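Since the structure comes first, as structure tokens, the remarks are kept for the end.
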Amino acid sequence: QSVLTQPPSASGTPGQRVTISCSGSSSNIGSNTVNWYQQLPGTAPKLLIYRNNQRPSGVPDRFSGSKSGTSASLAISGLQSADEADYYCAAWDDSLNGYVFGTGTKVTVL
Amino acid sequence: EVQLVESGEGLVQPGGSLRLSCAASGFTFSSYEMNWVRQAPGKGLEWVSYISSSGATIYYADSVKGRFTISRDNAKNSLYLQMNSLRAEDTAVYYCARAAAGGGDAFDIWGQGTMVTVSS
């Protein structure tokens with residue numbers, strides 16, 4: 001059972017900006033950094049954003065992350081067909097003493 | 001090339017056991033914390049277990065606590081997951097994932113995954 005809540009789906013046309021929210025609590029997002037993962041169909045997840053807003057080498061700057069209080073968000077600007085994937089937020093949870101993933105958001109490019 | 005390769009895929013009956021392995025290459029395995037993450041068919045990601053670089057610190061998700069055991073052999077650059085008392089709900093693709101150095105708890109390298117099916 002995921003403790004981080006995301007919208008099940010998001011969509012946009014090519015070139016648009018899409019934002020995905022991630023809602024948690026004081027024991028996870030409220031006290032730890034948030035990471036975001038992208039999972040293309042049939043592949044393993046890939047780290048997209050770490051420490052709330054940092055991009056690993058090779059991740060385009062079209063992807064950006066932010067965090068405020070017990071919520072976080074991922075923004076994808078200049079949406080491309082290649083961005084069609086599932087996106088997951090994640091954070092360490094101090095109460096569970098474990099890592100928690102969000103429920104996942106499927107992004108569709110119309 | 002930095003790489004993680006899981007093995008141990010299989011079909012097992014409820015109550016049975018299975019051992020997964022994850023072979024690391026291209027980096028100094030003994031310096032990194034490691035994790036297992038699973039994904040049931042058509043479902044989201046679920047963290048399973050964590051082990052520190054030395055193996056001294058271990059955490060488990062409540063859903064597997066008491067049934068699964070994570071371990072590592074730094075001399076063999078390998079991570080393991082011993083799964084006992086398997087249940088149908090343990091059916092999933094299991095990924096090993098490296099925790100990024102200096103990246104907090106971000107998982108920066110993932111294996112391709114190995115499928116575990118629990119069914120009679």
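Letters for chains follow the order of the structure tokens (A, B, ...), residue numbers begin at 1 for each chain, and ligand numbers begin at 1 in the order shown.
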
(request) Apply DSSP to the backbone of this structure and, from chain B, keep only the residues in strand (DSSP E or B); write these as a PyMOL selection string. (result) chain B and resi 3-7+10-12+18-25+34-39+45-51+58-60+68-73+78-83+92-99+107-110+114-118

(message) Need to verify the contact set: Gly66 of chain B, 10 Å, only C-alpha atoms, exclusion of same-chain residues closer than 5 positions in sequence. Can you return it as a VMD selection string?
(response) chain B and resid 60 to 61 83 to 85

Give me the chain A side of the contact with chain B, cut-off 9 Å, one line per residue showing its nearest atom pair and distance in Å at one decimal, counting only C-alpha atoms, sorted by chain and residue number, as CSV.
residue,atom,partner,partner_atom,distance
A:Gln1,CA,B:Glu46,CA,8.4
A:Ser2,CA,B:Glu46,CA,7.9
A:Thr33,CA,B:Gly104,CA,7.7
A:Val34,CA,B:Ala106,CA,8.3
A:Asn35,CA,B:Ala106,CA,6.1
A:Trp36,CA,B:Ala106,CA,8.5
A:Tyr37,CA,B:Phe107,CA,8.8
A:Thr43,CA,B:Gln112,CA,7.2
A:Ala44,CA,B:Gln112,CA,5.7
A:Pro45,CA,B:Trp110,CA,7.0
A:Lys46,CA,B:Asp108,CA,7.1
A:Leu47,CA,B:Asp108,CA,5.5
A:Leu48,CA,B:Asp108,CA,8.8
A:Ile49,CA,B:Ala106,CA,8.5
A:Tyr50,CA,B:Ala106,CA,6.0
A:Arg51,CA,B:Gly103,CA,6.8
A:Pro56,CA,B:Asp108,CA,8.4
A:Asp86,CA,B:Gly44,CA,9.0
A:Tyr88,CA,B:Leu45,CA,7.9
A:Ala90,CA,B:Ala106,CA,8.5
A:Ala91,CA,B:Asp105,CA,7.5
A:Trp92,CA,B:Asp105,CA,7.1
A:Leu96,CA,B:Ala61,CA,8.1
A:Asn97,CA,B:Tyr59,CA,7.1
A:Gly98,CA,B:Ala61,CA,6.4
A:Tyr99,CA,B:Trp47,CA,6.0
A:Val100,CA,B:Trp47,CA,6.5
A:Phe101,CA,B:Leu45,CA,6.4
A:Gly102,CA,B:Leu45,CA,7.9
A:Thr103,CA,B:Gly44,CA,6.2
A:Gly104,CA,B:Gly44,CA,6.2

Atoms kept (C-alpha atoms) for selection, written as a PDB file, in the first residue's frame:
ATOM      1  CA  GLN A   1       0.000   0.000   0.000  1.00  0.00           C
ATOM      2  CA  SER A   2       1.579   3.253  -1.194  1.00  0.00           C
ATOM      3  CA  THR A  33      14.208  14.383   0.032  1.00  0.00           C
ATOM      4  CA  VAL A  34      12.069  13.269  -2.892  1.00  0.00           C
ATOM      5  CA  ASN A  35      13.205  11.312  -5.908  1.00  0.00           C
ATOM      6  CA  TRP A  36      11.378  10.730  -9.166  1.00  0.00           C
ATOM      7  CA  TYR A  37      11.629   7.741 -11.492  1.00  0.00           C
ATOM      8  CA  THR A  43      11.707  -1.478 -19.026  1.00  0.00           C
ATOM      9  CA  ALA A  44      13.270  -0.994 -15.611  1.00  0.00           C
ATOM     10  CA  PRO A  45      12.727   2.318 -13.801  1.00  0.00           C
ATOM     11  CA  LYS A  46      15.222   5.109 -14.373  1.00  0.00           C
ATOM     12  CA  LEU A  47      16.196   7.842 -11.914  1.00  0.00           C
ATOM     13  CA  LEU A  48      14.869  11.143 -13.225  1.00  0.00           C
ATOM     14  CA  ILE A  49      15.162  13.584 -10.311  1.00  0.00           C
ATOM     15  CA  TYR A  50      16.978  13.200  -6.987  1.00  0.00           C
ATOM     16  CA  ARG A  51      17.182  15.337  -3.850  1.00  0.00           C
ATOM     17  CA  PRO A  56      21.298  13.076 -13.038  1.00  0.00           C
ATOM     18  CA  ASP A  86       4.879   5.847 -15.854  1.00  0.00           C
ATOM     19  CA  TYR A  88       6.847   7.513  -9.633  1.00  0.00           C
ATOM     20  CA  ALA A  90       9.628   8.191  -3.783  1.00  0.00           C
ATOM     21  CA  ALA A  91      11.071   9.079  -0.400  1.00  0.00           C
ATOM     22  CA  TRP A  92      12.370   7.498   2.780  1.00  0.00           C
ATOM     23  CA  LEU A  96       8.071   2.921   8.490  1.00  0.00           C
ATOM     24  CA  ASN A  97      11.880   2.801   8.416  1.00  0.00           C
ATOM     25  CA  GLY A  98      11.565   2.074   4.751  1.00  0.00           C
ATOM     26  CA  TYR A  99      11.482   3.563   1.302  1.00  0.00           C
ATOM     27  CA  VAL A 100       8.059   4.399  -0.115  1.00  0.00           C
ATOM     28  CA  PHE A 101       7.004   4.879  -3.704  1.00  0.00           C
ATOM     29  CA  GLY A 102       4.104   6.885  -4.998  1.00  0.00           C
ATOM     30  CA  THR A 103       1.084   5.274  -6.616  1.00  0.00           C
ATOM     31  CA  GLY A 104       2.423   6.164 -10.051  1.00  0.00           C
TER      32      GLY A 104
END

(message) Using only C-alpha atoms, which protein or nucleic acid residues come within 10 Å of Tyr80 of chain B? Drop anything in the same chain fewer than 2 positions from it, and give the result as a ChimeraX atom specification.
(response) /B:6-8,19-23,35-36,69-73,78,82-83,96

(message) Could you list, as a PyMOL selection string, every residue within 10 Å of Thr13 of chain A, counting only C-alpha atoms and ignoring same-chain residues fewer than 2 positions away?
(response) chain A and resi 11+15-18+78-81+108-110

Residues just named, written with N, CA, C and O atoms as an mmCIF file, in the first residue's frame:
data_model
loop_
_atom_site.group_PDB
_atom_site.id
_atom_site.type_symbol
_atom_site.label_atom_id
_atom_site.label_comp_id
_atom_site.auth_asym_id
_atom_site.auth_seq_id
_atom_site.Cartn_x
_atom_site.Cartn_y
_atom_site.Cartn_z
ATOM 1 N N SER A 11 -1.948 14.017 -19.062
ATOM 2 C CA SER A 11 -1.765 14.018 -20.504
ATOM 3 C C SER A 11 -1.554 15.429 -21.039
ATOM 4 O O SER A 11 -1.868 16.415 -20.365
ATOM 5 N N GLY A 15 4.783 19.501 -26.876
ATOM 6 C CA GLY A 15 5.186 20.872 -26.607
ATOM 7 C C GLY A 15 4.579 21.461 -25.343
ATOM 8 O O GLY A 15 5.074 22.477 -24.829
ATOM 9 N N GLN A 16 3.521 20.858 -24.844
ATOM 10 C CA GLN A 16 2.870 21.370 -23.640
ATOM 11 C C GLN A 16 3.682 21.046 -22.388
ATOM 12 O O GLN A 16 4.630 20.266 -22.417
ATOM 13 N N ARG A 17 3.246 21.661 -21.282
ATOM 14 C CA ARG A 17 3.843 21.394 -19.980
ATOM 15 C C ARG A 17 2.870 20.562 -19.161
ATOM 16 O O ARG A 17 1.674 20.866 -19.111
ATOM 17 N N VAL A 18 3.397 19.510 -18.544
ATOM 18 C CA VAL A 18 2.581 18.645 -17.703
ATOM 19 C C VAL A 18 3.183 18.624 -16.296
ATOM 20 O O VAL A 18 4.412 18.568 -16.145
ATOM 21 N N GLY A 78 7.817 21.097 -22.687
ATOM 22 C CA GLY A 78 8.120 20.685 -24.051
ATOM 23 C C GLY A 78 7.857 19.208 -24.257
ATOM 24 O O GLY A 78 8.687 18.473 -24.768
ATOM 25 N N LEU A 79 6.668 18.776 -23.857
ATOM 26 C CA LEU A 79 6.306 17.356 -23.866
ATOM 27 C C LEU A 79 6.596 16.705 -25.215
ATOM 28 O O LEU A 79 6.300 17.268 -26.279
ATOM 29 N N GLN A 80 7.177 15.516 -25.171
ATOM 30 C CA GLN A 80 7.499 14.763 -26.373
ATOM 31 C C GLN A 80 6.880 13.369 -26.304
ATOM 32 O O GLN A 80 6.620 12.855 -25.218
ATOM 33 N N SER A 81 6.701 12.743 -27.445
ATOM 34 C CA SER A 81 6.117 11.398 -27.473
ATOM 35 C C SER A 81 6.985 10.411 -26.682
ATOM 36 O O SER A 81 6.476 9.443 -26.106
ATOM 37 N N THR A 108 0.426 10.399 -20.860
ATOM 38 C CA THR A 108 0.070 10.125 -22.251
ATOM 39 C C THR A 108 0.250 11.389 -23.079
ATOM 40 O O THR A 108 -0.177 12.474 -22.666
ATOM 41 N N VAL A 109 0.880 11.233 -24.221
ATOM 42 C CA VAL A 109 1.046 12.362 -25.140
ATOM 43 C C VAL A 109 -0.017 12.231 -26.230
ATOM 44 O O VAL A 109 -0.028 11.255 -26.983
ATOM 45 N N LEU A 110 -0.908 13.186 -26.265
ATOM 46 C CA LEU A 110 -2.067 13.118 -27.167
ATOM 47 C C LEU A 110 -1.707 13.419 -28.623
ATOM 48 O O LEU A 110 -0.750 14.144 -28.879
#
